[in-house]
Structures are given as C-alpha cells and as structure tokens.
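Structure first, then comments.
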Amino acid sequence: MGSDAAPLQFSIVIPVLNRADVIDRCLQNLLDQRGPSFEVIVIDGGSTDGTVDAIRRYADSLAHWESEPDEGIYHAWNKGLKHAKGRWIGFLGADDRFAANDVLAKMADVVAAVPSAVSIIYPHAIYMDAKGTTHLESGSDWKEARPQLFQGMMTVPPGVFYRRDVFERNGGFDPAFRICGDFDMVLREARTHDAEYIGSVTMIVGTGGVSWKTENKLKIMAETRASLRKNGITGVPWQWYAAYLQMTPAYVRTRRTAGRLLRRLGLLAPKREMRIHSR
C-alpha cells in the first residue's frame, strides 16, 4: 500500500474480467464524481473481450491499471491494495456505480466527523439488473447490522470503504474465499471497531456478479459459515439454517412457482419496479 501521509481521501479499486459491456460506464461514473481527492485503480484479470481496450481509453485518468491472470476477486483486491494511497479504500464491481455524482463528496463529509472507533463506512444499495429493473434495496444502521453480521448475515452491502489501518491490523483479504472475502474482512474488523451507515448516499449494484448467481448461493452460505468458524464464532443460529434453506435451488424454484400462481389468483400483488433515489 501507499504511504499513510498521502493526501488522497479515497482510493477505489475495481477488479474486472471480461466485462466490456459495463466497464466503460463504471469508469465514467467514477470520474464524474466531484468533491474530494480520489484515485481509481483497475485490476484486470486478463480479459479477452475488449475490456482492456476500454480501460486503455481511461488510462490517463487512472492511478494504476494492469491486466494479467489472477487467482480470483480477493487476490485482485489485494493487488489493488498495494497501489492504494487514499485514507479510505473502497472496492467496486465493474457493473457497480454511484447513483449521483456527489456521493464521494457526501462520504467525505461523513468521514471527517466519524470517531476513531469507526473504521468502515457503507452506503445504501440498490440492486439493479442490466435492463434497469430494481430487485432489492439494502442498508441498515450499524446497531442493527452488527449483531446480524455475527449470525452469518452479510448485512453490509457492496460499496464498503475501509479506513486504511483496517489492513494494517488484519492484513489483506483472505484469497481462500472465492465469494465472501469481504464478509470475512468486515467480520474480523467488527470485533474491535465500528462501522457507519451512510443512508444519504446510494450505490447501484449490478446483478451480474458472482454473488448474485443462484448457483453460487450455497457456496456463499458455506463460506460465511467457514468465516464464522475461522473467527472463533461457534454455534449457528436458526436464522442461518433458515437462510441456507432459502438459497437452495429447490426452494428458489418453489418460491417462483408459488409466486406466479398467487399472482394469477389475485392473492399477491403484481411485481412493481422501485424508483432510484439518493435520499
């Protein structure tokens, strides 16, 4: 990582592999941010679909970028950490973006006032697919999110920014995790420090990432359980088992079928799209 004396407020690390369809939008969205000093670091895993050409178009505006095969998301995040010079370091997916161009400015106001016990900040999140349909919103106050975290629920949505001393205490992300390395890091840090929910800013999270795919839901549950054990949290609450069952393909199919039937019978309201807002 860069020097602690660096004046930059934020570093944003973007891992990407074969996402030529979204990387241009992601980078432009970041570079349109106004307010505090920040840098963008792109770690490409050796894309072959035109992603690298898109990154090159922004090369002059990037603090660092590289393209070579890596060992997964958290290996890429750790590579980005080595180049990060900001006081706060965030990690975004290539299909993620901020809902407004003043998000970093609002975050800067928050971090200027947070006590030293707060080492993580996180925004409100809207999960949106490639067609612009919103599927879910998440984000809650840390007093509510923290106890759920220790029960194996990733209650802190994407768009997390870590104060750089988080990595001085904990090291980098554990690359043994393929999907839940961020859960593991937040869980480790939450044992000794607090986080701050910034409900006034919104992150639009794409649904094309590995954690959103149905076939990975069981892997997510297995990895969160492994992280709990790794961090000395024994015993699994019933909520974890309930969530595990809800991730199985059989449950998902049953729920979708039941939902369609109930809508046809008029017993369930039709799906409606949710409007994006910045609060």
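We label chains A, B, ... in the order they appear in the structure tokens, count residues from 1 in each chain, and number ligands from 1 in the order shown.
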Let's see if you can do this: from backbone DSSP, list all strand (DSSP E) residues in region 36-89 of chain A, as a ChimeraX atom specification.
/A:38-44,64-67,88-89
Now that the selection is made, can you save its residues with C-alpha atoms as a PDB file, in the first residue's frame?
```pdb
ATOM      1  CA  PHE A  38      -9.645  10.334  -5.056  1.00  0.00           C
ATOM      2  CA  GLU A  39      -7.943   7.811  -7.301  1.00  0.00           C
ATOM      3  CA  VAL A  40      -9.159   4.862  -9.361  1.00  0.00           C
ATOM      4  CA  ILE A  41      -7.214   1.600  -9.624  1.00  0.00           C
ATOM      5  CA  VAL A  42      -8.252  -1.116 -12.106  1.00  0.00           C
ATOM      6  CA  ILE A  43      -7.057  -4.710 -11.772  1.00  0.00           C
ATOM      7  CA  ASP A  44      -7.971  -6.710 -14.860  1.00  0.00           C
ATOM      8  CA  HIS A  64      -2.856   2.433 -11.814  1.00  0.00           C
ATOM      9  CA  TRP A  65      -4.121  -0.329 -14.038  1.00  0.00           C
ATOM     10  CA  GLU A  66      -2.845  -3.721 -15.046  1.00  0.00           C
ATOM     11  CA  SER A  67      -4.003  -6.765 -16.932  1.00  0.00           C
ATOM     12  CA  TRP A  88     -10.195   5.284   2.793  1.00  0.00           C
ATOM     13  CA  ILE A  89     -10.168   2.378   0.328  1.00  0.00           C
TER      14      ILE A  89
END
```
May I have the residues within 8 Å of region 146-150 of chain A as a list in words, using only C-alpha atoms and disregarding those fewer than 2 positions away in the same chain?
Trp142, Lys143, Glu144, Gly152, Met153, Met154, Thr155, Leu187, Ala190, Leu228 and Ile233 of chain A
Atoms kept (N, CA, C and O atoms) for selection, written as a PDB file, in the first residue's frame:
```pdb
ATOM      1  N   TRP A 142     -25.833   0.511  11.717  1.00  0.00           N
ATOM      2  CA  TRP A 142     -24.863  -0.440  12.225  1.00  0.00           C
ATOM      3  C   TRP A 142     -25.345  -1.141  13.498  1.00  0.00           C
ATOM      4  O   TRP A 142     -25.036  -2.321  13.728  1.00  0.00           O
ATOM      5  N   LYS A 143     -26.119  -0.474  14.331  1.00  0.00           N
ATOM      6  CA  LYS A 143     -26.620  -1.117  15.546  1.00  0.00           C
ATOM      7  C   LYS A 143     -27.490  -2.319  15.218  1.00  0.00           C
ATOM      8  O   LYS A 143     -27.541  -3.288  15.985  1.00  0.00           O
ATOM      9  N   GLU A 144     -28.168  -2.245  14.082  1.00  0.00           N
ATOM     10  CA  GLU A 144     -28.994  -3.375  13.627  1.00  0.00           C
ATOM     11  C   GLU A 144     -28.160  -4.367  12.830  1.00  0.00           C
ATOM     12  O   GLU A 144     -28.339  -5.583  12.942  1.00  0.00           O
ATOM     13  N   GLY A 152     -23.901 -14.562  10.754  1.00  0.00           N
ATOM     14  CA  GLY A 152     -23.623 -15.089   9.426  1.00  0.00           C
ATOM     15  C   GLY A 152     -24.346 -14.392   8.307  1.00  0.00           C
ATOM     16  O   GLY A 152     -24.377 -14.904   7.175  1.00  0.00           O
ATOM     17  N   MET A 153     -24.935 -13.213   8.562  1.00  0.00           N
ATOM     18  CA  MET A 153     -25.653 -12.486   7.527  1.00  0.00           C
ATOM     19  C   MET A 153     -24.808 -11.297   7.053  1.00  0.00           C
ATOM     20  O   MET A 153     -24.373 -10.491   7.881  1.00  0.00           O
ATOM     21  N   MET A 154     -24.578 -11.200   5.753  1.00  0.00           N
ATOM     22  CA  MET A 154     -23.809 -10.072   5.236  1.00  0.00           C
ATOM     23  C   MET A 154     -24.733  -8.877   5.147  1.00  0.00           C
ATOM     24  O   MET A 154     -25.378  -8.619   4.128  1.00  0.00           O
ATOM     25  N   THR A 155     -24.803  -8.141   6.243  1.00  0.00           N
ATOM     26  CA  THR A 155     -25.741  -7.025   6.351  1.00  0.00           C
ATOM     27  C   THR A 155     -25.144  -5.715   5.847  1.00  0.00           C
ATOM     28  O   THR A 155     -25.828  -4.705   5.784  1.00  0.00           O
ATOM     29  N   LEU A 187     -16.285  -8.895   9.176  1.00  0.00           N
ATOM     30  CA  LEU A 187     -16.474  -9.641  10.418  1.00  0.00           C
ATOM     31  C   LEU A 187     -15.250  -9.511  11.319  1.00  0.00           C
ATOM     32  O   LEU A 187     -15.376  -9.277  12.529  1.00  0.00           O
ATOM     33  N   ALA A 190     -15.161  -5.981  12.736  1.00  0.00           N
ATOM     34  CA  ALA A 190     -16.283  -5.666  13.622  1.00  0.00           C
ATOM     35  C   ALA A 190     -16.074  -6.157  15.043  1.00  0.00           C
ATOM     36  O   ALA A 190     -16.788  -5.747  15.959  1.00  0.00           O
ATOM     37  N   LEU A 228     -17.184 -17.649  10.005  1.00  0.00           N
ATOM     38  CA  LEU A 228     -17.590 -17.615  11.407  1.00  0.00           C
ATOM     39  C   LEU A 228     -16.686 -18.517  12.245  1.00  0.00           C
ATOM     40  O   LEU A 228     -16.207 -18.134  13.316  1.00  0.00           O
ATOM     41  N   ILE A 233     -16.354 -17.923  16.108  1.00  0.00           N
ATOM     42  CA  ILE A 233     -17.776 -17.826  16.435  1.00  0.00           C
ATOM     43  C   ILE A 233     -18.379 -19.212  16.315  1.00  0.00           C
ATOM     44  O   ILE A 233     -18.545 -19.749  15.212  1.00  0.00           O
TER      45      ILE A 233
END
```
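Residues in contact with Cys26 (chain A) at 12 Å, where only C-alpha atoms are counted and same-chain residues fewer than 6 positions away are skipped, are listed as Ile12, Val13, Ile14, Pro15, Val16, Arg19, Ala20, Asp32, Gln33, Val40, Val42, Thr51, Ala54, Ile55, Tyr58, Leu92, Gly93, Ala94, Asp95, Asp96, Arg97, Phe98, Ala99, Met203, Ile204, Val205 and Gly206 of chain A.
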Residue selection dump (N, CA, C and O atoms) as a compact mmCIF listing (two decimals), in the first residue's frame:
```
# COMPACT_ATOMS: atom_id res chain seq x y z
N ILE A 12 -10.27 3.88 -4.96
CA ILE A 12 -11.33 2.96 -5.40
C ILE A 12 -10.70 1.91 -6.29
O ILE A 12 -10.11 2.21 -7.33
N VAL A 13 -10.81 0.66 -5.87
CA VAL A 13 -10.22 -0.47 -6.59
C VAL A 13 -11.33 -1.22 -7.33
O VAL A 13 -12.36 -1.57 -6.74
N ILE A 14 -11.11 -1.47 -8.61
CA ILE A 14 -12.10 -2.17 -9.43
C ILE A 14 -11.45 -3.41 -10.03
O ILE A 14 -10.59 -3.31 -10.92
N PRO A 15 -11.84 -4.62 -9.58
CA PRO A 15 -11.39 -5.84 -10.24
C PRO A 15 -12.32 -6.14 -11.40
O PRO A 15 -13.53 -5.91 -11.31
N VAL A 16 -11.80 -6.64 -12.50
CA VAL A 16 -12.66 -6.89 -13.65
C VAL A 16 -12.11 -8.02 -14.48
O VAL A 16 -10.89 -8.22 -14.57
N ARG A 19 -15.64 -7.84 -18.86
CA ARG A 19 -16.86 -7.07 -18.67
C ARG A 19 -16.82 -5.81 -19.53
O ARG A 19 -17.07 -4.70 -19.08
N ALA A 20 -16.55 -6.02 -20.82
CA ALA A 20 -16.54 -4.90 -21.76
C ALA A 20 -17.90 -4.24 -21.86
O ALA A 20 -18.01 -3.09 -22.27
N ASP A 32 -16.73 11.07 -13.04
CA ASP A 32 -17.67 12.19 -12.97
C ASP A 32 -17.91 12.67 -11.54
O ASP A 32 -18.59 13.67 -11.33
N GLN A 33 -17.38 11.94 -10.56
CA GLN A 33 -17.57 12.33 -9.16
C GLN A 33 -16.88 13.67 -8.90
O GLN A 33 -15.79 13.95 -9.40
N VAL A 40 -8.52 6.09 -8.89
CA VAL A 40 -9.16 4.86 -9.36
C VAL A 40 -8.07 3.89 -9.81
O VAL A 40 -7.16 4.26 -10.56
N VAL A 42 -7.56 -0.02 -11.41
CA VAL A 42 -8.25 -1.12 -12.11
C VAL A 42 -7.33 -2.32 -12.19
O VAL A 42 -6.19 -2.22 -12.69
N THR A 51 -12.38 -5.58 -22.87
CA THR A 51 -12.32 -4.82 -21.62
C THR A 51 -11.04 -4.00 -21.53
O THR A 51 -11.06 -2.83 -21.12
N ALA A 54 -11.12 -0.82 -23.46
CA ALA A 54 -11.91 0.20 -22.77
C ALA A 54 -11.10 0.84 -21.64
O ALA A 54 -11.14 2.06 -21.45
N ILE A 55 -10.37 0.04 -20.89
CA ILE A 55 -9.56 0.57 -19.79
C ILE A 55 -8.49 1.52 -20.33
O ILE A 55 -8.23 2.59 -19.76
N TYR A 58 -9.16 5.16 -20.70
CA TYR A 58 -9.18 5.96 -19.47
C TYR A 58 -7.82 5.98 -18.77
O TYR A 58 -7.72 6.51 -17.66
N LEU A 92 -15.24 -1.76 -5.80
CA LEU A 92 -16.48 -1.81 -6.57
C LEU A 92 -16.37 -2.86 -7.67
O LEU A 92 -15.29 -3.08 -8.21
N GLY A 93 -17.51 -3.47 -8.01
CA GLY A 93 -17.55 -4.35 -9.15
C GLY A 93 -17.67 -3.53 -10.43
O GLY A 93 -18.07 -2.37 -10.41
N ALA A 94 -17.33 -4.14 -11.55
CA ALA A 94 -17.36 -3.42 -12.82
C ALA A 94 -18.76 -3.01 -13.22
O ALA A 94 -18.94 -2.08 -14.03
N ASP A 95 -19.78 -3.68 -12.68
CA ASP A 95 -21.16 -3.30 -13.00
C ASP A 95 -21.81 -2.51 -11.86
O ASP A 95 -23.03 -2.36 -11.82
N ASP A 96 -21.00 -1.97 -10.95
CA ASP A 96 -21.49 -1.10 -9.88
C ASP A 96 -21.24 0.36 -10.25
O ASP A 96 -20.32 0.67 -11.01
N ARG A 97 -22.05 1.25 -9.67
CA ARG A 97 -21.83 2.68 -9.90
C ARG A 97 -22.56 3.47 -8.82
O ARG A 97 -23.46 2.96 -8.16
N PHE A 98 -22.17 4.73 -8.67
CA PHE A 98 -22.84 5.61 -7.73
C PHE A 98 -24.08 6.20 -8.38
O PHE A 98 -24.10 6.49 -9.59
N ALA A 99 -25.13 6.41 -7.58
CA ALA A 99 -26.40 6.90 -8.12
C ALA A 99 -26.38 8.39 -8.40
O ALA A 99 -27.27 8.90 -9.07
N MET A 203 -25.54 3.42 -3.72
CA MET A 203 -24.76 2.65 -4.67
C MET A 203 -25.70 1.79 -5.50
O MET A 203 -26.58 1.11 -4.96
N ILE A 204 -25.55 1.83 -6.83
CA ILE A 204 -26.31 0.93 -7.70
C ILE A 204 -25.43 -0.28 -7.96
O ILE A 204 -24.34 -0.17 -8.53
N VAL A 205 -25.89 -1.43 -7.50
CA VAL A 205 -25.11 -2.66 -7.58
C VAL A 205 -25.67 -3.52 -8.71
O VAL A 205 -26.86 -3.84 -8.74
N GLY A 206 -24.81 -3.90 -9.63
CA GLY A 206 -25.24 -4.76 -10.72
C GLY A 206 -25.51 -6.17 -10.24
O GLY A 206 -24.93 -6.63 -9.25
```
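You can rank A:Ile121, A:Leu136, A:Leu81, A:Val22 by their closest distance to Asp194 (chain A) using only C-alpha atoms, and at the top of that list sits A:Ile121.
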Report, in Å to a single decimal, how far apart CA of Ser116 (chain A) and CA of Leu8 (chain A) are.
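Atom-to-atom, CA of Leu8 (chain A) to CA of Ser116 (chain A), that is 18.3 Å.
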Can you measure CA of Gly132 (chain A) to CA of Asp53 (chain A) for me? One decimal in Å is fine.
25.3 Å
Residues flagged alpha helix (DSSP H) by DSSP in region 29-262 of chain A, as a tab-separated table (two decimals) with N, CA and C atoms, in the first residue's frame:
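Output below, filename selection-v1.tsv:
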```tsv
chain	number	residue	atom	x	y	z
A	29	ASN	N	-18.60	6.87	-14.64
A	29	ASN	CA	-19.37	7.25	-13.46
A	29	ASN	C	-18.45	7.71	-12.33
A	30	LEU	N	-17.36	7.00	-12.14
A	30	LEU	CA	-16.42	7.36	-11.08
A	30	LEU	C	-15.72	8.68	-11.38
A	31	LEU	N	-15.29	8.83	-12.61
A	31	LEU	CA	-14.54	10.03	-12.97
A	31	LEU	C	-15.43	11.27	-13.01
A	51	THR	N	-12.38	-5.58	-22.87
A	51	THR	CA	-12.32	-4.82	-21.62
A	51	THR	C	-11.04	-4.00	-21.53
A	52	VAL	N	-9.92	-4.59	-21.91
A	52	VAL	CA	-8.63	-3.90	-21.81
A	52	VAL	C	-8.60	-2.67	-22.72
A	53	ASP	N	-9.19	-2.78	-23.90
A	53	ASP	CA	-9.25	-1.62	-24.79
A	53	ASP	C	-10.03	-0.48	-24.14
A	54	ALA	N	-11.12	-0.82	-23.46
A	54	ALA	CA	-11.91	0.20	-22.77
A	54	ALA	C	-11.10	0.84	-21.64
A	55	ILE	N	-10.37	0.04	-20.89
A	55	ILE	CA	-9.56	0.57	-19.79
A	55	ILE	C	-8.49	1.52	-20.33
A	56	ARG	N	-7.88	1.14	-21.44
A	56	ARG	CA	-6.82	1.98	-22.03
A	56	ARG	C	-7.33	3.38	-22.38
A	57	ARG	N	-8.60	3.48	-22.74
A	57	ARG	CA	-9.15	4.79	-23.09
A	57	ARG	C	-9.17	5.73	-21.89
A	73	ILE	N	-11.25	-12.81	-7.19
A	73	ILE	CA	-11.62	-11.45	-6.81
A	73	ILE	C	-10.72	-10.89	-5.71
A	74	TYR	N	-10.49	-11.66	-4.64
A	74	TYR	CA	-9.79	-11.11	-3.49
A	74	TYR	C	-8.28	-11.06	-3.71
A	75	HIS	N	-7.78	-11.92	-4.57
A	75	HIS	CA	-6.39	-11.77	-5.00
A	75	HIS	C	-6.24	-10.45	-5.75
A	76	ALA	N	-7.22	-10.14	-6.61
A	76	ALA	CA	-7.20	-8.86	-7.34
A	76	ALA	C	-7.33	-7.68	-6.38
A	77	TRP	N	-8.19	-7.79	-5.38
A	77	TRP	CA	-8.35	-6.71	-4.40
A	77	TRP	C	-7.03	-6.47	-3.66
A	78	ASN	N	-6.35	-7.55	-3.29
A	78	ASN	CA	-5.08	-7.40	-2.59
A	78	ASN	C	-4.02	-6.76	-3.48
A	79	LYS	N	-4.06	-7.07	-4.77
A	79	LYS	CA	-3.13	-6.43	-5.70
A	79	LYS	C	-3.42	-4.93	-5.78
A	80	GLY	N	-4.68	-4.59	-5.78
A	80	GLY	CA	-5.05	-3.17	-5.80
A	80	GLY	C	-4.63	-2.44	-4.55
A	81	LEU	N	-4.70	-3.13	-3.41
A	81	LEU	CA	-4.31	-2.53	-2.14
A	81	LEU	C	-2.87	-2.04	-2.16
A	103	VAL	N	-21.63	11.56	-4.51
A	103	VAL	CA	-21.54	10.53	-3.48
A	103	VAL	C	-20.25	10.64	-2.70
A	104	LEU	N	-19.12	10.76	-3.38
A	104	LEU	CA	-17.85	10.86	-2.67
A	104	LEU	C	-17.77	12.14	-1.84
A	105	ALA	N	-18.40	13.21	-2.32
A	105	ALA	CA	-18.42	14.45	-1.55
A	105	ALA	C	-19.18	14.25	-0.23
A	106	LYS	N	-20.30	13.54	-0.29
A	106	LYS	CA	-21.07	13.26	0.92
A	106	LYS	C	-20.29	12.34	1.85
A	107	MET	N	-19.61	11.35	1.26
A	107	MET	CA	-18.81	10.45	2.08
A	107	MET	C	-17.69	11.20	2.79
A	108	ALA	N	-17.09	12.16	2.07
A	108	ALA	CA	-16.01	12.96	2.66
A	108	ALA	C	-16.50	13.72	3.88
A	109	ASP	N	-17.71	14.25	3.81
A	109	ASP	CA	-18.29	14.95	4.96
A	109	ASP	C	-18.46	14.01	6.14
A	110	VAL	N	-18.86	12.77	5.85
A	110	VAL	CA	-19.08	11.80	6.92
A	110	VAL	C	-17.77	11.40	7.58
A	111	VAL	N	-16.77	11.04	6.77
A	111	VAL	CA	-15.52	10.55	7.36
A	111	VAL	C	-14.78	11.64	8.12
A	142	TRP	N	-25.83	0.51	11.72
A	142	TRP	CA	-24.86	-0.44	12.23
A	142	TRP	C	-25.35	-1.14	13.50
A	143	LYS	N	-26.12	-0.47	14.33
A	143	LYS	CA	-26.62	-1.12	15.55
A	143	LYS	C	-27.49	-2.32	15.22
A	144	GLU	N	-28.17	-2.25	14.08
A	144	GLU	CA	-28.99	-3.37	13.63
A	144	GLU	C	-28.16	-4.37	12.83
A	145	ALA	N	-27.24	-3.85	12.02
A	145	ALA	CA	-26.48	-4.71	11.11
A	145	ALA	C	-25.44	-5.56	11.84
A	146	ARG	N	-24.80	-4.99	12.88
A	146	ARG	CA	-23.69	-5.68	13.53
A	146	ARG	C	-24.09	-7.02	14.14
A	147	PRO	N	-25.14	-7.12	14.95
A	147	PRO	CA	-25.48	-8.43	15.52
A	147	PRO	C	-25.86	-9.46	14.47
A	148	GLN	N	-26.47	-9.01	13.39
A	148	GLN	CA	-26.82	-9.94	12.31
A	148	GLN	C	-25.57	-10.44	11.60
A	149	LEU	N	-24.56	-9.58	11.52
A	149	LEU	CA	-23.29	-9.98	10.91
A	149	LEU	C	-22.70	-11.16	11.67
A	165	ASP	N	-6.06	1.73	7.95
A	165	ASP	CA	-5.46	0.98	9.05
A	165	ASP	C	-6.17	-0.35	9.31
A	166	VAL	N	-7.34	-0.56	8.68
A	166	VAL	CA	-8.00	-1.88	8.75
A	166	VAL	C	-7.05	-2.95	8.23
A	167	PHE	N	-6.36	-2.65	7.15
A	167	PHE	CA	-5.48	-3.64	6.53
A	167	PHE	C	-4.14	-3.74	7.25
A	168	GLU	N	-3.78	-2.71	7.97
A	168	GLU	CA	-2.58	-2.79	8.79
A	168	GLU	C	-2.80	-3.72	9.98
A	169	ARG	N	-4.03	-3.75	10.48
A	169	ARG	CA	-4.36	-4.64	11.59
A	169	ARG	C	-4.63	-6.07	11.13
A	170	ASN	N	-5.34	-6.20	10.02
A	170	ASN	CA	-5.85	-7.50	9.60
A	170	ASN	C	-5.12	-8.13	8.42
A	181	GLY	N	-14.96	-13.03	0.79
A	181	GLY	CA	-13.80	-12.44	1.43
A	181	GLY	C	-14.11	-11.10	2.06
A	182	ASP	N	-15.07	-10.35	1.50
A	182	ASP	CA	-15.44	-9.06	2.09
A	182	ASP	C	-16.22	-9.27	3.39
A	183	PHE	N	-17.09	-10.28	3.41
A	183	PHE	CA	-17.78	-10.62	4.66
A	183	PHE	C	-16.77	-10.94	5.74
A	184	ASP	N	-15.76	-11.73	5.38
A	184	ASP	CA	-14.74	-12.13	6.35
A	184	ASP	C	-13.99	-10.93	6.89
A	185	MET	N	-13.65	-9.97	6.01
A	185	MET	CA	-12.93	-8.79	6.46
A	185	MET	C	-13.78	-7.92	7.39
A	186	VAL	N	-15.03	-7.70	7.00
A	186	VAL	CA	-15.93	-6.89	7.84
A	186	VAL	C	-16.13	-7.57	9.19
A	187	LEU	N	-16.29	-8.89	9.18
A	187	LEU	CA	-16.47	-9.64	10.42
A	187	LEU	C	-15.25	-9.51	11.32
A	188	ARG	N	-14.06	-9.64	10.74
A	188	ARG	CA	-12.82	-9.50	11.53
A	188	ARG	C	-12.74	-8.12	12.18
A	189	GLU	N	-13.03	-7.09	11.39
A	189	GLU	CA	-12.91	-5.73	11.87
A	189	GLU	C	-13.98	-5.40	12.90
A	190	ALA	N	-15.16	-5.98	12.74
A	190	ALA	CA	-16.28	-5.67	13.62
A	190	ALA	C	-16.07	-6.16	15.04
A	217	LYS	N	-25.31	-19.48	-4.47
A	217	LYS	CA	-25.90	-19.17	-3.17
A	217	LYS	C	-25.45	-20.14	-2.08
A	218	LEU	N	-25.39	-21.42	-2.41
A	218	LEU	CA	-24.96	-22.39	-1.42
A	218	LEU	C	-23.48	-22.20	-1.07
A	219	LYS	N	-22.69	-21.81	-2.05
A	219	LYS	CA	-21.27	-21.53	-1.80
A	219	LYS	C	-21.13	-20.36	-0.84
A	220	ILE	N	-21.99	-19.36	-1.02
A	220	ILE	CA	-21.96	-18.20	-0.13
A	220	ILE	C	-22.25	-18.62	1.31
A	221	MET	N	-23.24	-19.44	1.48
A	221	MET	CA	-23.59	-19.88	2.83
A	221	MET	C	-22.45	-20.69	3.44
A	222	ALA	N	-21.83	-21.57	2.63
A	222	ALA	CA	-20.72	-22.38	3.14
A	222	ALA	C	-19.54	-21.50	3.54
A	223	GLU	N	-19.26	-20.46	2.74
A	223	GLU	CA	-18.13	-19.59	3.03
A	223	GLU	C	-18.39	-18.70	4.26
A	224	THR	N	-19.62	-18.24	4.41
A	224	THR	CA	-19.91	-17.44	5.61
A	224	THR	C	-19.77	-18.30	6.86
A	225	ARG	N	-20.20	-19.55	6.77
A	225	ARG	CA	-20.04	-20.47	7.90
A	225	ARG	C	-18.56	-20.69	8.19
A	226	ALA	N	-17.75	-20.84	7.14
A	226	ALA	CA	-16.31	-21.04	7.33
A	226	ALA	C	-15.67	-19.82	7.98
A	227	SER	N	-16.12	-18.62	7.60
A	227	SER	CA	-15.58	-17.41	8.18
A	227	SER	C	-15.96	-17.28	9.65
A	228	LEU	N	-17.18	-17.65	10.01
A	228	LEU	CA	-17.59	-17.61	11.41
A	228	LEU	C	-16.69	-18.52	12.24
A	229	ARG	N	-16.43	-19.72	11.74
A	229	ARG	CA	-15.57	-20.65	12.47
A	229	ARG	C	-14.15	-20.10	12.57
A	230	LYS	N	-13.66	-19.58	11.47
A	230	LYS	CA	-12.31	-19.01	11.44
A	230	LYS	C	-12.15	-17.92	12.48
A	238	TRP	N	-30.51	-20.34	14.37
A	238	TRP	CA	-31.52	-20.91	13.47
A	238	TRP	C	-31.71	-20.05	12.23
A	239	GLN	N	-31.47	-18.72	12.36
A	239	GLN	CA	-31.64	-17.85	11.20
A	239	GLN	C	-30.69	-18.24	10.07
A	240	TRP	N	-29.50	-18.73	10.43
A	240	TRP	CA	-28.54	-19.13	9.42
A	240	TRP	C	-29.05	-20.34	8.65
A	241	TYR	N	-29.58	-21.32	9.37
A	241	TYR	CA	-30.13	-22.50	8.71
A	241	TYR	C	-31.32	-22.13	7.83
A	242	ALA	N	-32.17	-21.23	8.32
A	242	ALA	CA	-33.32	-20.80	7.52
A	242	ALA	C	-32.85	-20.13	6.23
A	243	ALA	N	-31.84	-19.26	6.36
A	243	ALA	CA	-31.30	-18.60	5.17
A	243	ALA	C	-30.67	-19.61	4.23
A	244	TYR	N	-29.98	-20.62	4.77
A	244	TYR	CA	-29.35	-21.65	3.96
A	244	TYR	C	-30.38	-22.39	3.12
A	245	LEU	N	-31.48	-22.76	3.75
A	245	LEU	CA	-32.53	-23.48	3.03
A	245	LEU	C	-33.13	-22.61	1.92
A	246	GLN	N	-33.25	-21.32	2.18
A	246	GLN	CA	-33.82	-20.42	1.19
A	246	GLN	C	-32.91	-20.22	-0.01
A	247	MET	N	-31.65	-20.58	0.10
A	247	MET	CA	-30.71	-20.44	-1.00
A	247	MET	C	-30.67	-21.66	-1.91
A	249	PRO	N	-31.56	-24.40	-4.70
A	249	PRO	CA	-32.31	-24.29	-5.97
A	249	PRO	C	-33.75	-24.75	-5.86
A	250	ALA	N	-34.00	-25.80	-5.07
A	250	ALA	CA	-35.36	-26.31	-4.93
A	250	ALA	C	-36.27	-25.26	-4.30
A	251	TYR	N	-35.78	-24.57	-3.27
A	251	TYR	CA	-36.58	-23.53	-2.63
A	251	TYR	C	-36.86	-22.38	-3.58
A	252	VAL	N	-35.81	-21.97	-4.33
A	252	VAL	CA	-35.97	-20.86	-5.27
A	252	VAL	C	-37.02	-21.19	-6.32
A	253	ARG	N	-36.96	-22.43	-6.87
A	253	ARG	CA	-37.95	-22.84	-7.88
A	253	ARG	C	-39.35	-22.86	-7.29
A	254	THR	N	-39.48	-23.39	-6.08
A	254	THR	CA	-40.79	-23.48	-5.43
A	254	THR	C	-41.36	-22.08	-5.16
A	255	ARG	N	-40.51	-21.18	-4.71
A	255	ARG	CA	-40.96	-19.82	-4.41
A	255	ARG	C	-41.43	-19.11	-5.68
A	256	ARG	N	-40.68	-19.27	-6.77
A	256	ARG	CA	-41.06	-18.62	-8.03
A	256	ARG	C	-42.39	-19.17	-8.55
A	257	THR	N	-42.54	-20.49	-8.47
A	257	THR	CA	-43.77	-21.12	-8.95
A	257	THR	C	-44.96	-20.67	-8.11
A	258	ALA	N	-44.77	-20.66	-6.79
A	258	ALA	CA	-45.86	-20.25	-5.90
A	258	ALA	C	-46.21	-18.79	-6.14
A	259	GLY	N	-45.22	-17.95	-6.37
A	259	GLY	CA	-45.47	-16.53	-6.62
A	259	GLY	C	-46.30	-16.32	-7.87
A	260	ARG	N	-45.94	-17.02	-8.95
A	260	ARG	CA	-46.71	-16.89	-10.20
A	260	ARG	C	-48.16	-17.33	-10.01
A	261	LEU	N	-48.34	-18.44	-9.27
A	261	LEU	CA	-49.68	-18.95	-9.04
A	261	LEU	C	-50.52	-17.97	-8.22
A	262	LEU	N	-49.93	-17.41	-7.17
A	262	LEU	CA	-50.66	-16.48	-6.32
A	262	LEU	C	-51.02	-15.19	-7.06
```
Mind checking which residues fall within 8 Å of Pro157 (chain A), counting only C-alpha atoms, ignoring those fewer than 4 positions away in the same chain, and posting them as a list of chain:residue names?
A:Tyr122, A:Pro123, A:His124, A:Ala125, A:Ser138, A:Gly139
Written file, previous selection with N, CA, C and O atoms, as a tab-separated table (two decimals), in the first residue's frame:
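Output file out_11.tsv follows:
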```
chain	number	residue	atom	x	y	z
A	122	TYR	N	-20.34	2.51	4.89
A	122	TYR	CA	-21.03	1.79	3.81
A	122	TYR	C	-22.32	2.52	3.44
A	122	TYR	O	-22.97	3.13	4.30
A	123	PRO	N	-22.71	2.49	2.14
A	123	PRO	CA	-23.87	3.24	1.67
A	123	PRO	C	-25.15	2.42	1.63
A	123	PRO	O	-25.15	1.22	1.93
A	124	HIS	N	-26.20	3.07	1.24
A	124	HIS	CA	-27.43	2.39	0.85
A	124	HIS	C	-27.17	1.73	-0.50
A	124	HIS	O	-26.37	2.23	-1.30
A	125	ALA	N	-27.80	0.61	-0.77
A	125	ALA	CA	-27.55	-0.10	-2.03
A	125	ALA	C	-28.84	-0.47	-2.73
A	125	ALA	O	-29.81	-0.90	-2.09
A	138	SER	N	-30.95	-2.46	0.08
A	138	SER	CA	-30.41	-2.90	1.37
A	138	SER	C	-29.58	-1.81	2.01
A	138	SER	O	-29.12	-0.87	1.34
A	139	GLY	N	-29.39	-1.96	3.29
A	139	GLY	CA	-28.65	-0.99	4.07
A	139	GLY	C	-29.41	-0.68	5.34
A	139	GLY	O	-30.62	-0.38	5.30
```
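Picture a line from CA of Gln9 (chain A) to CA of Ala112 (chain A); it runs 10.0 Å.
Counting only C-alpha atoms, the residue from A:Asn18, A:Ser11, A:Thr207, A:Ser119 that sits nearest to His135 (chain A) is A:Thr207.
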